[in-house]
Each structure stands twice: as C-alpha cells, then as structure tokens.
$ cat start_23.txt   # compact mmCIF, C-alpha atoms
# COMPACT_ATOMS: atom_id res chain seq x y z
CA MET S 1 28.66 13.39 -5.78
CA LEU S 2 27.71 14.15 -9.34
CA VAL S 3 26.73 10.52 -10.02
CA ILE S 4 24.47 10.50 -6.97
CA ASP S 5 22.80 13.71 -8.15
CA ILE S 6 22.16 12.26 -11.61
CA VAL S 7 20.75 8.98 -10.27
CA SER S 8 18.59 10.88 -7.79
CA GLY S 9 17.31 13.18 -10.54
CA LEU S 10 16.47 10.21 -12.77
CA LEU S 11 14.61 8.52 -9.91
CA LEU S 12 12.60 11.71 -9.32
CA LEU S 13 11.76 11.82 -13.02
CA ALA S 14 10.76 8.13 -13.03
CA GLY S 15 8.59 8.69 -9.94
CA SER S 16 6.87 11.67 -11.59
CA ILE S 17 6.16 9.69 -14.76
CA LEU S 18 4.84 6.72 -12.76
CA GLY S 19 2.64 9.01 -10.67
CA LEU S 20 1.20 10.74 -13.73
CA SER S 21 0.58 7.37 -15.45
CA GLY S 22 -1.22 6.06 -12.37
CA ALA S 23 -3.38 9.18 -12.19
CA TRP S 24 -4.11 8.90 -15.92
CA GLY S 25 -5.18 5.30 -15.38
CA LEU S 26 -7.35 6.41 -12.45
CA LEU S 27 -9.17 8.80 -14.78
CA LYS S 28 -9.35 6.50 -17.78
CA PHE S 29 -10.05 2.95 -16.54
CA PRO S 30 -13.65 1.86 -17.03
CA ASP S 31 -14.76 0.66 -13.60
CA PHE S 32 -13.92 1.03 -9.92
CA TYR S 33 -12.06 -2.27 -9.54
CA ALA S 34 -9.76 -1.48 -12.48
CA ARG S 35 -9.06 1.97 -11.03
CA VAL S 36 -7.82 0.35 -7.81
CA HIS S 37 -4.99 -1.19 -9.82
CA ALA S 38 -4.04 2.17 -11.36
CA ALA S 39 -3.98 3.82 -7.93
CA SER S 40 -1.86 0.96 -6.62
CA ILE S 41 0.95 1.88 -9.08
CA THR S 42 1.30 5.31 -7.51
CA ASP S 43 1.30 3.76 -4.02
CA THR S 44 4.06 1.24 -4.72
CA LEU S 45 6.71 1.97 -7.34
CA CYS S 46 6.09 5.72 -7.62
CA ALA S 47 6.45 6.20 -3.85
CA ALA S 48 9.54 3.95 -3.82
CA CYS S 49 11.19 6.01 -6.59
CA PHE S 50 10.57 9.30 -4.77
CA VAL S 51 11.79 8.00 -1.43
CA ALA S 52 14.89 6.39 -2.98
CA ALA S 53 15.72 9.67 -4.74
CA LEU S 54 15.39 11.67 -1.52
CA MET S 55 17.40 9.08 0.44
CA LEU S 56 20.28 9.44 -2.01
CA GLN S 57 20.31 13.17 -1.31
CA ALA S 58 20.03 12.74 2.46
CA SER S 59 22.96 10.24 2.55
CA PHE S 60 23.37 8.42 5.88
CA SER S 61 21.54 10.33 8.58
CA LEU S 62 18.40 10.29 10.69
CA VAL S 63 16.62 11.85 7.71
CA ALA S 64 17.31 8.75 5.59
CA VAL S 65 15.92 6.51 8.35
CA LYS S 66 12.76 8.62 8.51
CA LEU S 67 12.39 8.44 4.74
CA LEU S 68 12.61 4.66 4.96
CA MET S 69 9.90 4.76 7.64
CA VAL S 70 7.64 6.80 5.32
CA LEU S 71 8.07 4.17 2.60
CA LEU S 72 7.49 1.23 4.96
CA LEU S 73 4.41 2.93 6.36
CA LEU S 74 3.00 3.51 2.87
CA TRP S 75 3.79 -0.04 1.77
CA LEU S 76 2.23 -1.54 4.90
CA THR S 77 -0.91 0.59 4.90
CA SER S 78 -1.70 0.70 1.17
CA PRO S 79 -2.62 -3.02 0.85
CA THR S 80 -4.71 -2.80 4.01
CA SER S 81 -6.70 0.21 2.86
CA GLY S 82 -6.91 -1.20 -0.67
CA HIS S 83 -8.28 -4.49 0.62
CA ALA S 84 -10.75 -2.73 2.94
CA LEU S 85 -11.90 -0.52 0.06
CA VAL S 86 -12.49 -3.40 -2.36
CA LYS S 87 -14.16 -5.52 0.31
CA ALA S 88 -16.50 -2.68 1.28
CA ALA S 89 -17.36 -2.06 -2.38
CA HIS S 90 -17.99 -5.78 -2.92
CA ARG S 91 -20.19 -6.03 0.18
CA SER S 92 -22.26 -3.04 -0.87
CA GLY S 93 -23.07 -4.90 -4.07
CA LEU S 94 -20.86 -3.08 -6.60
CA ARG S 95 -20.25 -5.67 -9.34
CA ALA S 96 -16.95 -5.90 -11.18
CA VAL S 97 -17.04 -5.60 -14.96
CA THR S 98 -15.36 -8.79 -16.12
CA TRP S 99 -14.38 -9.46 -19.66
CA THR S 100 -14.58 -12.83 -21.36
CA PRO S 101 -12.71 -13.32 -24.61
CA PRO S 102 -15.04 -13.15 -27.65
CA ALA S 103 -15.07 -16.02 -30.14
CA ASP S 104 -13.27 -14.06 -32.87
CA GLY S 105 -10.34 -13.41 -30.52
CA GLY S 106 -10.27 -9.63 -30.95
CA ARG S 107 -11.98 -6.74 -29.23
CA SER S 108 -13.91 -4.64 -31.71
CA MET E 109 4.28 -13.18 25.38
CA HIS E 110 6.40 -11.10 23.05
CA LEU E 111 5.47 -7.78 24.63
CA PRO E 112 9.04 -7.04 25.87
CA LEU E 113 10.37 -7.41 22.32
CA LEU E 114 7.65 -5.08 21.04
CA GLY E 115 8.62 -2.62 23.78
CA VAL E 116 12.25 -2.58 22.63
CA GLY E 117 11.14 -2.13 19.02
CA LEU E 118 8.88 0.77 19.95
CA LEU E 119 11.69 2.37 21.97
CA VAL E 120 14.05 2.26 18.98
CA PHE E 121 11.26 3.58 16.73
CA TRP E 122 10.56 6.45 19.12
CA LEU E 123 14.25 7.37 19.53
CA LEU E 124 14.76 7.41 15.75
CA LEU E 125 11.66 9.52 15.16
CA SER E 126 12.31 12.05 17.89
CA GLY E 127 16.05 12.67 17.54
CA TYR E 128 16.10 14.29 21.03
CA TRP E 129 17.99 11.73 23.11
CA THR E 130 18.95 13.87 26.13
CA ASN E 131 15.91 15.95 27.06
CA PRO E 132 14.48 14.23 30.21
CA LEU E 133 10.95 15.59 29.75
CA LEU E 134 10.66 14.29 26.19
CA LEU E 135 12.19 10.93 27.17
CA THR E 136 9.62 10.55 29.96
CA LEU E 137 6.77 11.38 27.59
CA GLY E 138 8.15 8.88 25.11
CA LEU E 139 8.34 6.13 27.72
CA LEU E 140 4.78 6.93 28.81
CA SER E 141 3.50 6.66 25.26
CA ILE E 142 5.30 3.33 24.82
CA ALA E 143 3.73 2.04 28.04
CA LEU E 144 0.29 3.13 26.82
CA THR E 145 0.82 1.37 23.48
CA LEU E 146 1.96 -1.85 25.20
CA TRP E 147 -1.10 -1.77 27.46
CA ILE E 148 -3.42 -1.41 24.43
CA VAL E 149 -1.62 -4.20 22.56
CA ALA E 150 -1.87 -6.49 25.61
CA ARG E 151 -5.61 -5.80 25.79
CA ILE E 152 -6.07 -6.55 22.07
CA SER E 153 -3.97 -9.72 22.08
CA ARG E 154 -6.05 -11.10 24.94
CA GLN E 155 -9.06 -11.04 22.60
CA TYR E 156 -7.51 -11.89 19.24
CA ARG E 157 -4.85 -14.58 19.36
CA PHE E 158 -2.59 -14.28 16.37
CA GLY E 159 0.14 -16.74 17.35
CA SER E 160 3.80 -15.94 17.55
CA PRO E 161 5.07 -14.67 14.20
CA TRP E 162 8.75 -14.82 15.09
CA TYR E 163 9.47 -18.13 13.40
CA LEU E 164 8.63 -16.42 10.10
CA CYS E 165 11.54 -14.05 10.47
CA ARG E 166 14.17 -16.49 9.22
CA ARG E 167 12.83 -16.68 5.67
CA LEU E 168 11.09 -13.30 5.56
CA PRO E 169 14.05 -11.25 4.13
CA SER E 170 14.43 -13.43 1.04
CA TYR E 171 10.65 -13.44 0.53
CA LEU E 172 10.52 -9.63 0.78
CA ALA E 173 13.34 -9.27 -1.77
CA TRP E 174 11.46 -11.58 -4.14
CA LEU E 175 8.22 -9.64 -3.50
CA LEU E 176 9.96 -6.34 -4.38
CA LEU E 177 10.98 -7.76 -7.76
CA GLU E 178 7.45 -9.07 -8.28
CA VAL E 179 5.94 -5.64 -7.46
CA TYR E 180 8.33 -4.06 -9.98
CA LYS E 181 7.28 -6.49 -12.74
CA ALA E 182 3.58 -6.03 -11.95
CA ASN E 183 3.99 -2.24 -12.14
CA ILE E 184 5.46 -2.50 -15.64
CA SER E 185 2.63 -4.78 -16.74
CA VAL E 186 -0.11 -2.41 -15.50
CA LEU E 187 1.76 0.56 -17.03
CA LYS E 188 1.49 -1.23 -20.41
CA ASN E 189 -2.29 -1.47 -19.85
CA ILE E 190 -2.44 2.27 -19.26
CA TRP E 191 -0.13 3.44 -22.02
CA PHE E 192 -0.99 0.98 -24.78
CA PRO E 193 -4.67 0.11 -24.25
CA ARG E 194 -4.91 -1.16 -27.83
CA ARG E 195 -2.04 -3.62 -27.71
CA HIS E 196 -2.59 -4.58 -24.05
CA PRO E 197 -6.34 -4.21 -23.41
CA ILE E 198 -7.47 -4.78 -19.86
CA ALA E 199 -9.54 -7.93 -19.33
CA PRO E 200 -10.70 -7.92 -15.70
CA ALA E 201 -11.43 -11.27 -14.10
CA VAL E 202 -12.56 -12.48 -10.67
CA ARG E 203 -11.53 -15.90 -9.34
CA ARG E 204 -11.63 -17.81 -6.09
CA PHE E 205 -8.84 -20.25 -5.29
CA PRO E 206 -7.31 -22.04 -2.29
CA ILE E 207 -4.39 -20.63 -0.28
CA ARG E 208 -1.63 -23.12 0.38
CA ALA E 209 -0.51 -21.43 3.61
CA LYS E 210 -2.41 -22.84 6.58
CA SER E 211 -1.83 -20.40 9.45
CA ARG E 212 -3.73 -17.15 9.79
CA ILE E 213 -0.57 -15.06 9.57
CA GLY E 214 0.52 -16.92 6.42
CA GLN E 215 -2.85 -16.28 4.79
CA THR E 216 -2.68 -12.63 5.84
CA ILE E 217 0.77 -12.25 4.30
CA PHE E 218 -0.44 -13.88 1.08
CA ALA E 219 -3.55 -11.70 0.77
CA ASN E 220 -1.53 -8.56 1.52
CA SER E 221 1.13 -9.50 -1.03
CA ILE E 222 -1.61 -9.97 -3.64
CA THR E 223 -3.03 -6.54 -2.90
CA LEU E 224 0.38 -4.86 -2.81
CA THR E 225 1.23 -6.04 -6.32
CA PRO E 226 -0.56 -3.78 -8.79
CA GLY E 227 -2.88 -5.62 -11.15
CA THR E 228 -4.26 -7.96 -8.52
CA VAL E 229 -6.30 -7.20 -5.43
CA SER E 230 -7.77 -9.59 -2.87
CA PHE E 231 -11.47 -9.17 -2.06
CA ASP E 232 -12.03 -11.65 0.65
CA VAL E 233 -10.26 -14.37 2.60
CA ALA E 234 -12.43 -17.10 4.09
CA GLU E 235 -12.04 -20.80 4.86
CA GLY E 236 -8.60 -21.03 3.32
CA GLU E 237 -9.69 -19.49 0.03
CA VAL E 238 -9.04 -16.07 -1.40
CA THR E 239 -11.11 -14.13 -3.94
CA VAL E 240 -8.99 -12.08 -6.31
CA HIS E 241 -9.78 -9.39 -8.88
CA ALA E 242 -7.15 -8.86 -11.57
CA VAL E 243 -6.81 -6.61 -14.61
CA GLU E 244 -5.71 -9.60 -16.66
CA GLU E 245 -6.70 -13.24 -16.64
CA GLY E 246 -3.04 -14.28 -16.81
CA ALA E 247 -2.19 -12.54 -13.54
CA ILE E 248 -4.68 -14.75 -11.67
CA ALA E 249 -3.43 -17.94 -13.33
CA GLU E 250 0.06 -16.95 -12.22
CA LEU E 251 -1.15 -16.49 -8.64
CA MET E 252 -3.00 -19.81 -8.55
CA ASP E 253 -0.16 -22.10 -9.61
CA GLY E 254 2.63 -19.61 -9.24
CA ASP E 255 5.51 -18.99 -6.95
CA MET E 256 3.80 -16.64 -4.50
CA ASN E 257 1.43 -19.25 -3.09
CA ASP E 258 4.28 -21.75 -2.59
CA ARG E 259 6.69 -19.19 -1.20
CA VAL E 260 4.23 -17.97 1.45
CA ALA E 261 3.45 -21.59 2.38
CA ALA E 262 7.21 -22.21 2.72
CA LEU E 263 7.47 -19.15 5.00
CA GLU E 264 5.46 -20.77 7.77
CA GLU E 265 7.29 -24.10 7.79
CA ALA E 266 8.60 -24.44 11.31
CA PRO E 267 12.38 -24.33 11.67
CA GLN E 268 13.96 -27.62 12.77
CA MET V 269 19.03 19.26 -8.45
CA THR V 270 16.65 21.95 -7.27
CA ALA V 271 15.18 21.96 -10.77
CA MET V 272 14.45 18.21 -10.58
CA LEU V 273 12.83 18.63 -7.17
CA ALA V 274 10.69 21.43 -8.58
CA VAL V 275 9.65 19.24 -11.53
CA ALA V 276 8.75 16.43 -9.09
CA THR V 277 6.70 18.87 -6.98
CA ILE V 278 4.78 20.06 -10.03
CA ALA V 279 4.21 16.47 -11.19
CA LEU V 280 2.87 15.50 -7.75
CA LEU V 281 0.54 18.52 -7.78
CA ALA V 282 -0.72 17.43 -11.22
CA VAL V 283 -1.30 13.89 -9.93
CA MET V 284 -3.23 15.28 -6.97
CA LEU V 285 -5.32 17.46 -9.30
CA MET V 286 -6.19 14.38 -11.39
CA ALA V 287 -7.11 12.46 -8.24
CA LEU V 288 -9.31 15.38 -7.23
CA ILE V 289 -11.09 15.26 -10.60
CA ARG V 290 -11.83 11.57 -10.01
CA ALA V 291 -12.98 12.32 -6.47
CA LEU V 292 -15.40 14.96 -7.74
CA SER V 293 -16.71 12.97 -10.70
CA GLY V 294 -17.34 9.73 -8.79
CA PRO V 295 -19.43 7.90 -9.96
CA THR V 296 -19.60 5.63 -6.89
CA VAL V 297 -18.69 6.59 -3.34
CA PHE V 298 -15.84 4.04 -3.48
CA ASP V 299 -14.26 5.82 -6.46
CA ARG V 300 -14.28 8.95 -4.36
CA ILE V 301 -12.67 7.24 -1.36
CA LEU V 302 -10.05 5.65 -3.61
CA ALA V 303 -9.22 9.04 -5.12
CA VAL V 304 -9.06 10.71 -1.71
CA ASN V 305 -6.78 7.93 -0.44
CA MET V 306 -4.49 8.49 -3.42
CA PHE V 307 -4.63 12.25 -2.83
CA GLY V 308 -3.50 11.58 0.75
CA THR V 309 -0.55 9.33 -0.12
CA LYS V 310 0.59 11.83 -2.75
CA THR V 311 0.37 14.56 -0.10
CA VAL V 312 2.78 12.51 2.01
CA LEU V 313 5.25 12.42 -0.88
CA LEU V 314 4.64 16.08 -1.71
CA ILE V 315 5.47 17.17 1.85
CA ALA V 316 8.69 15.11 1.77
CA VAL V 317 9.80 16.45 -1.64
CA TYR V 318 8.83 20.02 -0.72
CA GLY V 319 10.86 19.71 2.48
CA PHE V 320 13.94 18.84 0.43
CA LEU V 321 13.16 21.59 -2.12
CA THR V 322 13.16 24.23 0.60
CA GLY V 323 16.05 22.62 2.47
CA ARG V 324 14.01 21.73 5.55
CA PRO V 325 14.04 17.92 5.95
CA ASP V 326 12.19 18.26 9.30
CA PHE V 327 9.07 18.31 7.13
CA LEU V 328 9.45 14.51 7.12
CA ASP V 329 7.88 14.30 10.58
CA LEU V 330 4.76 15.95 9.18
CA SER V 331 4.86 13.51 6.30
CA ILE V 332 4.95 10.44 8.59
CA PHE V 333 2.17 11.95 10.68
CA TYR V 334 0.09 12.59 7.58
CA ALA V 335 0.59 9.01 6.36
CA LEU V 336 -0.82 7.68 9.66
CA ILE V 337 -3.76 10.11 9.71
CA ASN V 338 -4.59 9.34 6.08
CA PHE V 339 -4.66 5.57 6.72
CA ILE V 340 -6.84 5.85 9.80
CA GLY V 341 -9.10 8.33 8.01
CA VAL V 342 -9.69 6.00 5.05
CA ILE V 343 -10.44 3.02 7.30
CA ALA V 344 -12.84 5.11 9.39
CA VAL V 345 -14.71 6.40 6.34
CA LEU V 346 -14.95 2.85 4.96
CA LYS V 347 -16.39 1.56 8.23
CA PHE V 348 -18.94 4.36 8.09
CA VAL V 349 -19.86 3.68 4.46
CA GLU V 350 -20.17 -0.05 5.14
CA ARG V 351 -22.49 0.56 8.10
CA VAL V 352 -24.65 2.98 6.13
CA GLY V 353 -24.86 0.42 3.29
CA GLU V 354 -25.98 -2.29 5.70
CA ASN V 355 -28.63 0.00 7.18
CA ASP V 356 -29.93 0.81 3.69
CA GLU V 357 -30.26 -2.87 2.90
CA ALA V 358 -32.00 -3.51 6.20
CA GLU V 359 -34.49 -0.74 5.47
CA LYS V 360 -35.24 -2.07 2.01
CA SER V 361 -36.17 -5.53 3.22
$ encode --input "start_23.txt" --output "structure tokens"
Amino acid sequence: MLVIDIVSGLLLLAGSILGLSGAWGLLKFPDFYARVHAASITDTLCAACFVAALMLQASFSLVAVKLLMVLLLLWLTSPTSGHALVKAAHRSGLRAVTWTPPADGGRS
Amino acid sequence: MHLPLLGVGLLVFWLLLSGYWTNPLLLTLGLLSIALTLWIVARISRQYRFGSPWYLCRRLPSYLAWLLLEVYKANISVLKNIWFPRRHPIAPAVRRFPIRAKSRIGQTIFANSITLTPGTVSFDVAEGEVTVHAVEEGAIAELMDGDMNDRVAALEEAPQ
Amino acid sequence: MTAMLAVATIALLAVMLMALIRALSGPTVFDRILAVNMFGTKTVLLIAVYGFLTGRPDFLDLSIFYALINFIGVIAVLKFVERVGENDEAEKS
C-alpha cells in the first residue's frame, strides 16, 4: 500500500513538472510550429503520468477503466487536432521559421 | 461489413461508461444511442471506403508498445530543448519524404504516429508523401530512414 | 497522498494560466487555438485529479465528456478559421 502511494505521488510530481515544462516551452519557443511541439509534451507524457498515478490509487475498478479511456481519448484526439491545426496554419500561409546551420558551426 | 463488431464494441464501451447494468430505461436509451451511431457510421462508410482494418490487429500491440517507448524518448529530447536552450538549441526544419506504407490506413497510422511523438508533426499527406516539421534536423532524418516507416509498412503486410 | 494531489492541482492550474497567457498574447490566431486546446486537455486532467482530491471519482465522467467536447470544439474552430482564410484570399484576388 505504501509503495503504491509513493509511486503514485512520484508520478503526480513527474506529471506536474512535465506540464509546467510544456507550458514554459509554449510561452518561450519562437514561432507557432515550435510551440506545437511544446504543447504536445503536455498532451502525451504529462497526461500519461497523471492518469497512471490516479489509476494506481483507483486499483482495479470501473474507475480505472474510465481513467484508461480518458488517456486513450486524449492520445487519439491530440494528433488529430495537432495535425488539423498545423495544416490549417500552413494553408493560411503561416511560414515556419527554419534554421540552417551557419558556416562557423555555432549560434551567436 | 464490420458493423456488428463495432456494435459489440460500442455496447461494451457504453456498459463500462454507464455502470448501471440493471436499469431497463437506461439500457434502452443506451441501445438506442448505439443504433443511432451504427446508422451514422453505415452512412459514412458508404461514402468513404476505408477498407477493413482488422488484419492490422495482429501486429498492432507490438507496434503500440514500441510507439510508447518512442514517445517517451521524444518527450525527453524536447524537454532538453526547453530546459537547456543553450546546449540543445532548437533548429526547426521542414522536409517532404515518401511513406513506405501503401494503404490509406497505413499512411494514416504513420502520419498520426509522427504527430503523436513530440518534436515532429505532420503537415500534409498526399500522393504517398508526408511533409514533416521537426524541432531538430536529426528527428526528421530518423523518421526518413528510421524504424517507424518500416514498422508501419510491416503492419499492413497481409497475414498468410 | 492528499498533499501530492493538491500539488498536482496547483501545478495544473499554473499550466492553464500559462496557456491562457499564450492565448491572450497570440500573436497568430493559430497560437491562440493551440493554447486553448492545451487549456482544454489540462482541464480534463484537472477535473480527474480534483475528483480524486475530493474523493469523488464520478467526476471522471465529466472529464471524458469534456475531452470529447474539447476535441470537437477545436476541429470546428479550425474549420471556421480555414474557411474565413479562404474567403479572405478570394477577396484579395
């Protein structure tokens, strides 16, 4: 029981850190297309950590099944909405900032 | 037609979500909603043929397990970009490259897997090619010659 | 355990606040939609965690419902934005 609580707590902590990092990236990254990647962290691993933590506390019950459904739903819909978002942005003419390595090999 | 199978799946989904397995009124409403969903799906599948995806099921579990690991690794790599921008600067790149999977469902799985992994996102799929935006050049190179393309192509190989 | 759940709730609220800042500051409409989408998925997690914090796991139904609504909402807004963009281009030419 105690072990489960500790693992669950650690997973909650990991999820929180991942979520905050993703949000920080969302604020800090230079252009829209880079921000999509930051947001995608919070949709994948962060959500998985939270759901896994809650499933450990729910043990085997209908609640655990529902939690799994939440995760599957998020993992199925997030690529679809992400793809639709990027495609719409691309169609409307928003150009991605791409970076080619400079000759001196370092970014000043 | 795989509508009956979908019906059974929806029934299980509904029973798990509701949790009320004895109330006749709720059961009737559930069955009605399943019938409505099946009718809509039948209407859609008359217009858009997607082929039967069931032959994918045999190899799908091992692919999903591999994809989970891949998503984990990609998360760590993008986290490095966020936390240590000096040591791991982002270098966005856009590339277009061919998909090895031939069927529509295989190409859909590939494009969705690309978008699910942080660090890469698929713009557009057309004529067997996919356009990808990535935070790092290396991530795209990995997609082009890497495992994911081959593994998705292997998914759709018909069972003997 | 309750303490960890409370920490997670606060962290999720902070994430949502940061997403809101991005949604307000833009600069493009797609940044805003991306931020709102992230706000929505974090709401799903927040409802689930809050349900466990208060000992009412039935909140999960709301969370599943919210995940569906959020997805459909984002797709609908994108369709709208895409159409408006096309109309703008048509007017320009």
$ interface_residues --input "start_23.txt" --of "chain E" --to "chain S" --cutoff "7 Å" --atoms "all atoms listed in the file" --output "list in words"
Leu124, Leu125, Tyr180, Asn183, Ile190, Ala199, Pro200, Ala201, Asn220, Thr223, Leu224, Pro226, Gly227, Thr228, Val229, Ser230, Phe231, Asp232 and Val243 of chain E
$ closest_residue --input "start_23.txt" --among "S:Val7, S:Phe32, S:Ala58, S:Ala48" --to "Leu94 in chain S" --atoms "only C-alpha atoms"
S:Phe32
$ interface_residues --input "start_23.txt" --of "chain V" --to "chain E" --cutoff "12 Å" --atoms "only C-alpha atoms" --output "PyMOL selection string"
chain V and resi 326+328-333
$ interface_residues --input "start_23.txt" --of "chain V" --to "chain S" --cutoff "8 Å" --atoms "only C-alpha atoms" --output "JSON, numbers by chain"
{"V": [269, 272, 273, 275, 276, 279, 280, 282, 283, 286, 287, 289, 290, 296, 298, 299, 301, 302, 303, 306, 309, 313, 317, 320, 325, 326, 328, 329, 331, 332, 335, 336, 339, 342, 343, 346, 349, 350, 353, 354]}
$ atom_distance --input "start_23.txt" --atom1 "CA of Ala219 in chain E" --atom2 "CA of Trp174 in chain E"
15.8 Å
$ atom_distance --input "start_23.txt" --atom1 "CA of Cys165 in chain E" --atom2 "CA of Thr225 in chain E"
21.3 Å
$ closest_residue --input "start_23.txt" --among "V:Thr311, V:Ala316, V:Arg351, V:Leu285" --to "Met55 in chain S" --atoms "all atoms listed in the file"
V:Ala316
$ atom_distance --input "start_23.txt" --atom1 "CA of Leu187 in chain E" --atom2 "CA of Arg203 in chain E"
22.5 Å
$ closest_residue --input "start_23.txt" --among "E:Glu265, E:Arg204, E:Ala234, E:Asp258" --to "Thr216 in chain E" --atoms "all atoms listed in the file"
E:Ala234
$ residues_around --input "start_23.txt" --residues "Val149 in chain E" --least-positions-apart "6" --cutoff "10 Å" --atoms "all atoms listed in the file" --output "list in words"
Leu111, Leu114 and Ala143 of chain E
